[in-house]
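Visitor: Enclosed is the structure file coords-v3.txt (compact mmCIF, C-alpha atoms).
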```txt
# COMPACT_ATOMS: atom_id res chain seq x y z
CA MET A 30 133.69 30.63 115.76
CA ALA A 31 133.30 32.71 118.90
CA GLU A 32 130.10 32.28 120.89
CA LEU A 33 128.67 33.77 124.03
CA SER A 34 130.79 33.18 127.13
CA PRO A 35 130.48 29.74 128.79
CA SER A 36 128.66 30.99 131.87
CA ILE A 37 126.07 32.81 129.71
CA GLU A 38 125.63 29.68 127.60
CA HIS A 39 125.13 27.65 130.77
CA LEU A 40 122.59 30.16 132.10
CA ILE A 41 120.68 29.97 128.79
CA HIS A 42 120.73 26.17 129.05
CA CYS A 43 119.29 26.31 132.58
CA LEU A 44 116.58 28.81 131.61
CA ARG A 45 115.52 26.48 128.77
CA GLY A 46 114.52 23.97 131.42
CA LEU A 47 111.64 26.23 132.48
CA PRO A 48 108.19 25.25 131.16
CA GLY A 49 107.28 27.12 127.99
CA VAL A 50 110.74 28.57 127.42
CA GLY A 51 112.37 27.86 124.04
CA PRO A 52 115.94 28.60 122.89
CA LYS A 53 115.19 32.16 121.71
CA SER A 54 113.32 33.22 124.86
CA ALA A 55 116.06 31.70 127.02
CA GLN A 56 118.68 33.80 125.18
CA ARG A 57 116.55 36.89 125.57
CA MET A 58 116.01 36.22 129.28
CA ALA A 59 119.68 35.57 129.99
CA LEU A 60 120.93 38.68 128.21
CA ASP A 61 118.17 40.83 129.64
CA LEU A 62 119.08 39.67 133.14
CA LEU A 63 122.83 40.16 132.69
CA GLU A 64 122.83 43.30 130.54
CA ARG A 65 119.93 45.34 131.78
CA THR A 66 118.83 44.06 135.16
CA PRO A 67 121.65 42.32 137.05
CA GLU A 68 120.02 43.28 140.37
CA ARG A 69 116.95 41.35 139.23
CA ALA A 70 119.11 38.34 138.36
CA ALA A 71 120.58 38.43 141.87
CA ARG A 72 117.10 38.67 143.40
CA LEU A 73 115.89 35.73 141.31
CA ALA A 74 118.88 33.59 142.31
CA GLU A 75 118.22 34.41 145.96
CA ALA A 76 114.46 33.78 145.67
CA LEU A 77 115.14 30.36 144.14
CA GLN A 78 117.59 29.50 146.90
CA THR A 79 115.26 30.70 149.66
CA ALA A 80 112.29 28.83 148.25
CA LEU A 81 114.38 25.67 147.90
CA ASN A 82 115.51 25.95 151.52
CA LYS A 83 112.17 26.87 153.05
CA VAL A 84 109.46 25.18 151.02
CA GLN A 85 108.48 21.70 152.08
CA ARG A 86 105.43 19.45 151.77
CA CYS A 87 102.78 19.62 154.49
CA THR A 88 102.89 16.30 156.37
CA GLN A 89 99.07 16.24 156.42
CA CYS A 90 98.03 17.22 152.91
CA GLN A 91 101.26 17.38 150.84
CA ASN A 92 100.60 21.02 149.93
CA LEU A 93 103.73 23.16 149.53
CA CYS A 94 104.28 25.26 152.65
CA GLU A 95 106.98 26.53 154.98
CA SER A 96 106.22 24.49 158.09
CA ALA A 97 105.53 20.86 158.94
CA VAL A 98 101.76 21.45 158.78
CA CYS A 99 100.32 24.02 156.33
CA GLU A 100 98.06 26.90 157.37
CA LEU A 101 95.00 25.22 155.90
CA CYS A 102 95.51 21.95 157.80
CA ALA A 103 96.32 23.86 160.98
CA ASP A 104 93.16 26.01 160.74
CA PRO A 105 90.68 24.75 163.40
CA CYS A 106 87.77 26.48 161.62
CA ARG A 107 87.99 24.16 158.62
CA ASP A 108 85.98 20.96 158.45
CA ALA A 109 88.66 18.24 158.37
CA SER A 110 86.10 15.53 157.69
CA GLN A 111 85.67 16.84 154.13
CA LEU A 112 88.74 16.26 151.99
CA CYS A 113 89.14 17.77 148.53
CA VAL A 114 91.74 15.94 146.42
CA VAL A 115 93.57 18.09 143.87
CA GLU A 116 96.57 17.65 141.59
CA SER A 117 98.62 20.72 142.47
CA PRO A 118 99.02 23.60 144.95
CA LEU A 119 97.68 25.90 142.20
CA ASP A 120 94.37 24.04 142.33
CA VAL A 121 94.18 24.69 146.09
CA MET A 122 94.69 28.37 145.40
CA ALA A 123 91.99 28.39 142.71
CA ILE A 124 89.44 26.66 144.98
CA GLU A 125 90.34 28.93 147.91
CA GLN A 126 89.78 31.96 145.70
CA SER A 127 86.27 30.72 144.93
CA GLY A 128 85.55 30.86 148.66
CA ALA A 129 83.10 27.95 148.21
CA PHE A 130 84.93 25.30 150.21
CA LYS A 131 85.75 25.20 153.91
CA GLY A 132 87.05 21.65 154.27
CA GLY A 133 90.55 20.24 154.05
CA TYR A 134 92.69 19.42 151.02
CA PHE A 135 94.87 16.61 149.89
CA VAL A 136 97.39 17.64 147.25
CA LEU A 137 98.62 14.92 144.90
CA LYS A 138 101.99 15.31 143.25
CA GLY A 139 100.37 15.40 139.79
CA ARG A 140 98.20 12.63 138.37
CA LEU A 141 98.69 8.97 137.52
CA SER A 142 100.59 8.71 134.26
CA PRO A 143 102.33 5.34 133.89
CA LEU A 144 103.98 6.41 130.62
CA ASP A 145 105.77 9.21 132.50
CA GLY A 146 106.65 6.84 135.33
CA LEU A 147 104.06 8.38 137.66
CA GLY A 148 102.40 5.59 139.63
CA PRO A 149 100.43 5.75 142.92
CA ASP A 150 103.64 6.00 144.98
CA GLU A 151 105.09 8.82 142.90
CA ILE A 152 102.02 11.05 143.23
CA GLY A 153 101.73 10.45 146.98
CA LEU A 154 98.65 8.21 147.16
CA PRO A 155 100.03 6.10 150.09
CA ARG A 156 99.79 9.20 152.31
CA LEU A 157 96.13 9.60 151.26
CA ALA A 158 95.55 5.94 152.13
CA GLN A 159 96.94 6.64 155.63
CA ARG A 160 94.57 9.60 156.00
CA LEU A 161 91.62 7.39 155.05
CA ASP A 162 92.80 4.67 157.46
CA GLN A 163 92.82 7.15 160.33
CA GLY A 164 89.03 7.29 159.95
CA ASN A 165 88.56 11.06 160.26
CA VAL A 166 87.52 11.56 156.66
CA GLY A 167 83.78 11.39 156.02
CA GLU A 168 83.66 12.77 152.47
CA LEU A 169 86.11 12.85 149.60
CA ILE A 170 85.63 15.44 146.85
CA LEU A 171 87.69 14.57 143.79
CA ALA A 172 88.91 17.62 141.89
CA THR A 173 91.49 16.00 139.64
CA SER A 174 91.57 17.33 136.09
CA SER A 175 89.12 16.31 133.35
CA THR A 176 91.80 14.49 131.36
CA VAL A 177 92.25 10.77 130.80
CA GLU A 178 94.96 10.69 133.49
CA GLY A 179 92.89 12.83 135.86
CA GLU A 180 89.90 10.51 135.45
CA ALA A 181 92.06 7.42 135.98
CA THR A 182 93.47 9.00 139.15
CA ALA A 183 89.94 9.74 140.39
CA GLU A 184 88.85 6.16 139.62
CA PHE A 185 91.87 4.82 141.55
CA ILE A 186 90.94 6.91 144.58
CA VAL A 187 87.31 5.78 144.38
CA GLN A 188 88.58 2.18 144.71
CA MET A 189 90.79 3.20 147.67
CA ALA A 190 87.84 4.80 149.47
CA LYS A 191 85.36 1.96 148.88
CA PRO A 192 86.40 -0.33 151.79
CA HIS A 193 86.13 2.63 154.18
CA GLY A 194 82.54 3.41 153.14
CA ILE A 195 83.47 7.06 152.56
CA ALA A 196 81.17 9.24 150.42
CA VAL A 197 83.05 10.19 147.25
CA SER A 198 81.97 12.91 144.83
CA ARG A 199 83.43 14.61 141.79
CA LEU A 200 83.24 18.31 140.87
CA ALA A 201 80.25 18.98 138.61
CA ARG A 202 80.96 19.29 134.92
CA GLY A 203 78.89 21.61 132.75
CA ILE A 204 78.67 24.96 130.99
CA PRO A 205 80.98 27.55 132.58
CA LEU A 206 79.26 30.70 133.85
CA GLY A 207 79.04 33.23 131.04
CA GLY A 208 79.88 30.48 128.56
CA GLU A 209 78.04 30.57 125.25
CA LEU A 210 76.68 27.23 124.08
CA GLY A 211 78.23 27.70 120.65
CA LEU A 212 81.69 27.97 122.16
CA VAL A 213 81.45 24.98 124.50
CA ASP A 214 82.95 21.71 123.24
CA ARG A 215 80.63 18.77 122.64
CA HIS A 216 81.97 16.61 125.51
CA THR A 217 81.28 19.36 128.03
CA LEU A 218 77.87 19.87 126.46
CA SER A 219 77.05 16.18 126.75
CA HIS A 220 78.12 16.26 130.43
CA ALA A 221 75.93 19.34 130.95
CA LEU A 222 72.93 17.59 129.39
CA ASN A 223 73.37 14.38 131.34
CA GLY A 224 73.85 16.30 134.59
CA ARG A 225 70.88 18.65 134.05
CA LYS A 226 69.11 19.79 137.19
CA ALA A 227 65.36 20.25 137.80
CA PHE A 228 64.24 23.79 138.69
CA MET B 2 92.19 33.49 152.68
CA ALA B 3 95.23 31.24 152.53
CA GLU B 4 97.60 31.69 149.60
CA LEU B 5 100.79 30.07 148.49
CA SER B 6 103.63 30.35 150.97
CA PRO B 7 105.50 33.70 151.07
CA SER B 8 108.71 32.35 149.55
CA ILE B 9 106.80 30.81 146.63
CA GLU B 10 104.92 34.08 146.12
CA HIS B 11 108.25 35.93 146.13
CA LEU B 12 109.74 33.49 143.62
CA ILE B 13 106.71 33.98 141.34
CA HIS B 14 107.15 37.73 141.64
CA CYS B 15 110.83 37.46 140.65
CA LEU B 16 110.08 35.18 137.69
CA ARG B 17 107.53 37.71 136.43
CA GLY B 18 110.42 40.12 135.91
CA LEU B 19 111.70 37.95 133.05
CA PRO B 20 110.87 39.19 129.54
CA GLY B 21 107.73 37.57 128.14
CA VAL B 22 106.66 35.96 131.42
CA GLY B 23 103.16 36.79 132.67
CA PRO B 24 101.53 35.93 136.01
CA LYS B 25 100.26 32.51 134.92
CA SER B 26 103.55 31.35 133.38
CA ALA B 27 105.44 32.60 136.44
CA GLN B 28 103.18 30.48 138.69
CA ARG B 29 103.66 27.48 136.45
CA MET B 30 107.44 27.95 136.40
CA ALA B 31 107.73 28.38 140.17
CA LEU B 32 105.63 25.32 141.00
CA ASP B 33 107.27 23.23 138.31
CA LEU B 34 110.70 24.12 139.72
CA LEU B 35 109.76 23.47 143.34
CA GLU B 36 107.45 20.49 142.90
CA ARG B 37 108.94 18.52 140.06
CA THR B 38 112.49 19.65 139.45
CA PRO B 39 114.12 21.12 142.57
CA GLU B 40 117.56 20.04 141.31
CA ARG B 41 116.92 22.19 138.24
CA ALA B 42 115.96 25.13 140.44
CA ALA B 43 119.24 24.75 142.32
CA ARG B 44 121.18 24.61 139.04
CA LEU B 45 119.42 27.73 137.77
CA ALA B 46 120.14 29.65 140.99
CA GLU B 47 123.79 28.66 140.73
CA ALA B 48 124.01 29.50 137.01
CA LEU B 49 122.59 32.96 137.70
CA GLN B 50 125.06 33.55 140.51
CA THR B 51 128.03 32.29 138.47
CA ALA B 52 127.09 34.40 135.46
CA LEU B 53 126.66 37.47 137.68
CA ASN B 54 130.08 36.91 139.21
CA LYS B 55 131.97 36.08 136.05
CA VAL B 56 130.39 38.03 133.22
CA GLN B 57 131.75 41.50 132.57
CA ARG B 58 131.91 43.93 129.67
CA CYS B 59 134.94 43.74 127.36
CA THR B 60 136.96 46.94 127.89
CA GLN B 61 137.47 47.20 124.11
CA CYS B 62 134.06 46.49 122.60
CA GLN B 63 131.62 46.27 125.55
CA ASN B 64 130.61 42.74 124.59
CA LEU B 65 129.71 40.46 127.50
CA CYS B 66 132.63 38.14 128.28
CA GLU B 67 134.54 36.58 131.17
CA SER B 68 137.83 38.46 130.89
CA ALA B 69 138.94 42.09 130.52
CA VAL B 70 139.20 41.70 126.74
CA CYS B 71 136.82 39.37 124.86
CA GLU B 72 137.98 36.57 122.56
CA LEU B 73 136.97 38.49 119.46
CA CYS B 74 138.95 41.61 120.40
CA ALA B 75 141.91 39.46 121.46
CA ASP B 76 141.93 37.52 118.17
CA PRO B 77 144.93 38.75 116.09
CA CYS B 78 143.43 37.29 112.91
CA ARG B 79 140.56 39.77 112.90
CA ASP B 80 140.81 43.09 111.08
CA ALA B 81 140.56 45.64 113.89
CA SER B 82 140.33 48.54 111.43
CA GLN B 83 136.78 47.46 110.52
CA LEU B 84 134.33 48.00 113.34
CA CYS B 85 130.77 46.69 113.25
CA VAL B 86 128.47 48.50 115.69
CA VAL B 87 125.60 46.41 117.09
CA GLU B 88 122.99 46.82 119.83
CA SER B 89 123.46 43.60 121.76
CA PRO B 90 125.72 40.56 122.26
CA LEU B 91 123.02 38.50 120.47
CA ASP B 92 123.66 40.54 117.31
CA VAL B 93 127.36 39.67 117.53
CA MET B 94 126.44 36.01 117.73
CA ALA B 95 124.08 36.31 114.74
CA ILE B 96 126.73 38.03 112.58
CA GLU B 97 129.40 35.54 113.68
CA GLN B 98 127.11 32.70 112.69
CA SER B 99 126.82 34.18 109.18
CA GLY B 100 130.62 33.87 108.90
CA ALA B 101 130.60 36.91 106.61
CA PHE B 102 132.53 39.33 108.81
CA LYS B 103 136.09 39.14 110.07
CA GLY B 104 136.49 42.60 111.60
CA GLY B 105 135.93 43.82 115.15
CA TYR B 106 132.73 44.70 116.96
CA PHE B 107 131.49 47.45 119.15
CA VAL B 108 128.51 46.44 121.29
CA LEU B 109 126.19 49.23 122.39
CA LYS B 110 124.12 48.77 125.52
CA GLY B 111 120.88 48.96 123.51
CA ARG B 112 119.88 51.95 121.36
CA LEU B 113 119.19 55.63 121.96
CA SER B 114 115.74 55.99 123.47
CA PRO B 115 115.35 59.27 125.35
CA LEU B 116 111.85 58.32 126.55
CA ASP B 117 113.34 55.33 128.38
CA GLY B 118 116.18 57.47 129.73
CA LEU B 119 118.71 55.92 127.34
CA GLY B 120 121.01 58.68 126.08
CA PRO B 121 124.50 58.41 124.53
CA ASP B 122 126.16 57.86 127.94
CA GLU B 123 123.75 55.09 128.94
CA ILE B 124 124.33 53.03 125.81
CA GLY B 125 128.12 53.41 126.01
CA LEU B 126 128.81 55.78 123.10
CA PRO B 127 131.65 57.64 124.93
CA ARG B 128 133.70 54.43 124.76
CA LEU B 129 133.08 54.29 121.00
CA ALA B 130 134.22 57.93 120.74
CA GLN B 131 137.48 56.93 122.48
CA ARG B 132 137.98 54.08 120.01
CA LEU B 133 137.50 56.51 117.11
CA ASP B 134 139.90 59.02 118.73
CA GLN B 135 142.60 56.37 118.93
CA GLY B 136 142.68 56.46 115.13
CA ASN B 137 142.84 52.70 114.45
CA VAL B 138 139.36 52.48 112.99
CA GLY B 139 139.18 52.90 109.19
CA GLU B 140 135.62 51.77 108.58
CA LEU B 141 132.46 51.70 110.66
CA ILE B 142 129.64 49.31 109.72
CA LEU B 143 126.41 50.26 111.45
CA ALA B 144 124.23 47.25 112.25
CA THR B 145 121.77 48.86 114.64
CA SER B 146 118.17 47.76 114.23
CA SER B 147 115.79 49.08 111.56
CA THR B 148 113.60 50.87 114.08
CA VAL B 149 113.19 54.60 114.68
CA GLU B 150 115.55 54.37 117.68
CA GLY B 151 118.02 52.19 115.78
CA GLU B 152 118.10 54.70 112.92
CA ALA B 153 118.54 57.62 115.32
CA THR B 154 121.43 55.78 116.98
CA ALA B 155 123.03 55.16 113.58
CA GLU B 156 122.59 58.83 112.63
CA PHE B 157 124.22 59.89 115.93
CA ILE B 158 127.24 57.66 115.23
CA VAL B 159 127.53 59.01 111.67
CA GLN B 160 127.89 62.50 113.19
CA MET B 161 130.50 61.20 115.67
CA ALA B 162 132.54 59.63 112.86
CA LYS B 163 132.42 62.62 110.51
CA PRO B 164 135.29 64.69 112.03
CA HIS B 165 137.55 61.62 111.85
CA GLY B 166 136.92 61.11 108.13
CA ILE B 167 136.01 57.46 108.75
CA ALA B 168 134.05 55.55 106.08
CA VAL B 169 130.65 54.69 107.51
CA SER B 170 128.22 52.17 106.02
CA ARG B 171 124.93 50.59 107.00
CA LEU B 172 123.84 46.97 106.48
CA ALA B 173 121.91 46.61 103.21
CA ARG B 174 118.14 46.47 103.47
CA GLY B 175 116.10 44.41 101.04
CA ILE B 176 114.20 41.21 100.42
CA PRO B 177 115.37 38.40 102.73
CA LEU B 178 116.65 35.28 100.97
CA GLY B 179 113.78 32.94 100.27
CA GLY B 180 111.37 35.81 101.02
CA GLU B 181 108.29 36.02 98.83
CA LEU B 182 107.46 39.47 97.56
CA GLY B 183 103.84 39.16 98.69
CA LEU B 184 104.93 38.60 102.27
CA VAL B 185 107.46 41.44 102.47
CA ASP B 186 106.21 44.69 104.04
CA ARG B 187 106.05 47.78 101.85
CA HIS B 188 108.85 49.68 103.60
CA THR B 189 111.28 46.82 103.04
CA LEU B 190 110.08 46.61 99.44
CA SER B 191 110.67 50.30 98.89
CA HIS B 192 114.20 49.94 100.36
CA ALA B 193 114.79 46.96 98.07
CA LEU B 194 113.69 48.97 95.02
CA ASN B 195 115.76 52.02 95.87
CA GLY B 196 118.82 49.90 96.60
CA ARG B 197 118.50 47.75 93.45
CA LYS B 198 121.75 46.51 91.95
CA ALA B 199 122.75 46.20 88.29
CA PHE B 200 123.59 42.67 87.06
```
Kindly present the structure from the file in structure tokens form.

Guide:
Amino acid sequence: MAELSPSIEHLIHCLRGLPGVGPKSAQRMALDLLERTPERAARLAEALQTALNKVQRCTQCQNLCESAVCELCADPCRDASQLCVVESPLDVMAIEQSGAFKGGYFVLKGRLSPLDGLGPDEIGLPRLAQRLDQGNVGELILATSSTVEGEATAEFIVQMAKPHGIAVSRLARGIPLGGELGLVDRHTLSHALNGRKAF
Amino acid sequence: MAELSPSIEHLIHCLRGLPGVGPKSAQRMALDLLERTPERAARLAEALQTALNKVQRCTQCQNLCESAVCELCADPCRDASQLCVVESPLDVMAIEQSGAFKGGYFVLKGRLSPLDGLGPDEIGLPRLAQRLDQGNVGELILATSSTVEGEATAEFIVQMAKPHGIAVSRLARGIPLGGELGLVDRHTLSHALNGRKAF
């Protein structure tokens, strides 16, 4: 029985590797690219190649960037003694967009997840240990995710920071702005109650 | 305010061009490719490039293939006097998987949609006219979609076939196998009633 040509099948297979893309969407993407927008397919191939060639990890904070030290680490206006630890470059972007933080970042390569083979070495914790050893960090702000793995990662970092006597804090948990109580899950609500603040 | 590096931003922009991919999924895809699976990103770039270089339209039926004439058109066992007209290579694959058709195909480049600038020339109808002129086609089976544009395309082809005295048919519409009456929309139901068959 005849099928699509081998190179289309291979393209579909590669597109299926993308997060959130199933067999049907991969087919649709491949045929859309080849049939309707080949110039877009060429641009995408080039963008992938360029990004692969140019993007590297910042030697200071492990953020993705295009030079040895990222813009944020190189910025003399930022307070390098405050270090916010996040799980991904997207988290850096989100915090930067809030405009509420002017310190430095340390970007983990995900979070501890032994079942997925992600231990301290895999997520880049040794580099964080070096940063702490250098003695320039006065405060660590942990912004790992509120999942079991995120919490375990935070706990691990707390233990790393202890011998250095560094102040460690965690992002506040509570009701999101504009959030209705009825729509907030009970764990968040219990965090919000326990963390209540006096007027 | 610092953002992601320019080549990551560009990659995200290119991924957003894929059907069904919004800004958030494009971000997730780009970072997943660069952070976790760079070898996959390289494979995808190469697959895109290979497909762009190799894939062409069959000169007979306009299907996507890797040679001047596709496997289906080159197959001597298929009845070339029966021609099934579809809107996309995916439709060919779907009909082939049913195993119910052993004739030839003609693959349109979509369907007539004047608002999108898709007229008869854009969807490749002149090539179909040539096929009909050659006089080898005895029967046309229209398998364009059941949308307003699909119907208009079918109607256009009926008019093209008329002077040649070619038998033209349309895929039957009705209740899908295993379909419950309560879940079938009323237009399909009315087609099923009008097209009822005697035992």

Visitor: For a quick test of understanding: name the residues of chain B lying within 9 Å of chain A when counting all atoms listed in the file, and present them as a VMD selection string.

Guide: chain B and resid 2 to 9 11 to 16 18 to 21 26 28 to 37 39 41 to 53 55 to 56 65 to 67 71 to 73 89 to 91 93 to 94 97 to 98 100 110

Visitor: With all atoms listed in the file as the basis for distance, which of B:Gln61, B:Ser114, B:Gln135, B:Ser99 is at the shortest distance from Gly151 in chain B?

Guide: B:Ser114

Visitor: To one decimal place, how far is CA of Asp117 in chain B from CA of Glu152 in chain B in Å?

Guide: 16.2 Å

Visitor: When you count all atoms listed in the file, which of these residues is closest to Gly139 in chain B: B:Ala162, B:Leu109, B:Phe157, B:Gln63?

Guide: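 When distances to Gly139 in chain B are compared using all atoms listed in the file, the smallest one comes from B:Ala162.
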
Visitor: Might you pull out every residue within 12 Å of Met161 in chain B, with all atoms listed in the file counted and same-chain residues fewer than 6 positions away left off, and present them as a list in words?

Guide: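 Final neighbour list, sorted by chain and number: Pro121, Leu126, Pro127, Arg128, Leu129, Ala130, Gln131, Arg132, Leu133, Asp134, Leu141, Thr154, Ala155, Ile167, Ala168 and Val169 of chain B.
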
Visitor: Here is a test: counting only C-alpha atoms, which residue of B:Gly120, B:Ile176, B:Gly136, B:Glu150 is nearest to Gly196 in chain B?

Guide: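 The closest residue to Gly196 in chain B is B:Ile176.
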
Visitor: Would you compute an axis-aligned box for range 21-27 of chain B, covering every atom listed for it in the file with 4 Å of margin on each side, and report centre and edge lengths in Å to one decimal as AutoDock Vina command-line options?

Guide:
```
--center_x 104.0 --center_y 34.5 --center_z 132.3 --size_x 15.5 --size_y 14.2 --size_z 16.3
```

Visitor: CA of Gly153 in chain A and CA of Val136 in chain A are how many Å apart?

Guide: 8.4 Å

Visitor: With distances taken over all atoms listed in the file, which of B:Cys59, B:Val159, B:Leu119, B:Ala69 is nearest to Arg171 in chain B?

Guide: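 Of all the options, B:Val159 lies closest to Arg171 in chain B.
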
Visitor: Can you tell me how far CA of Gly203 in chain A sits from CA of Lys191 in chain A, in Å to one decimal?

Guide: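 Distance between the two atoms: 26.2 Å.
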